[in-house]
Amino acid sequence: MKNQTIVAPKATMGIRDAFKAWLSNENFLFTLLMERKVTNRQMLLLTHAMVPFSLLVGSLFYSSIAAMIMTAWFGLACLMCKKGGC
């Protein structure tokens, strides 16, 4: 009986699969700050909510129209956080 070696093909991961895997990984910094497990996807959603909030606070001193636009953007970002599982 001969010994046969079977070589399996390399598992190639597409860019989309790699990105999905990265999104599901735990984010160390936000997990440390919030004291609960936070994934990279949740971190991106939270960061997206922080940016319009910062711009909203700054636009309050500039223009009421800009403040309304930033309020709408912040509201949409909060809805995305709620829908995304933050």
# chains A, B, ... in the order shown; residues from 1 in each chain; ligands from 1
$ closest_atom_pairs --of "segment 16-50 of chain A" --to "segment 69-82 of chain A" --cutoff "9 Å" --atoms "only C-alpha atoms" --output "JSON lines"
{"residue": "A:Gln42", "atom": "CA", "partner": "A:Cys81", "partner_atom": "CA", "distance": 7.5}
{"residue": "A:Leu45", "atom": "CA", "partner": "A:Cys81", "partner_atom": "CA", "distance": 5.6}
{"residue": "A:Leu46", "atom": "CA", "partner": "A:Cys81", "partner_atom": "CA", "distance": 6.6}
{"residue": "A:His48", "atom": "CA", "partner": "A:Ala77", "partner_atom": "CA", "distance": 6.4}
{"residue": "A:Ala49", "atom": "CA", "partner": "A:Ala77", "partner_atom": "CA", "distance": 5.0}
{"residue": "A:Met50", "atom": "CA", "partner": "A:Phe74", "partner_atom": "CA", "distance": 8.2}
$ select_by_dssp --residues "segment 7-73 of chain A" --states "helix (DSSP H, G or I)" --output "number ranges by chain"
A: 15-24, 28-34, 40-59, 64-73
$ residues_around --residues "segment 20-30 of chain A" --least-positions-apart "4" --cutoff "6 Å" --atoms "only C-alpha atoms" --output "PyMOL selection string"
chain A and resi 34+38-41
$ write_last_selection --atoms "C-alpha atoms" --output "PDB file, in the first residue's frame"
ATOM      1  CA  MET A  34     -17.568  50.764  27.388  1.00  0.00           C
ATOM      2  CA  VAL A  38     -18.047  46.024  21.017  1.00  0.00           C
ATOM      3  CA  THR A  39     -17.412  44.836  17.467  1.00  0.00           C
ATOM      4  CA  ASN A  40     -15.697  46.878  14.787  1.00  0.00           C
ATOM      5  CA  ARG A  41     -19.078  47.340  13.065  1.00  0.00           C
TER       6      ARG A  41
END
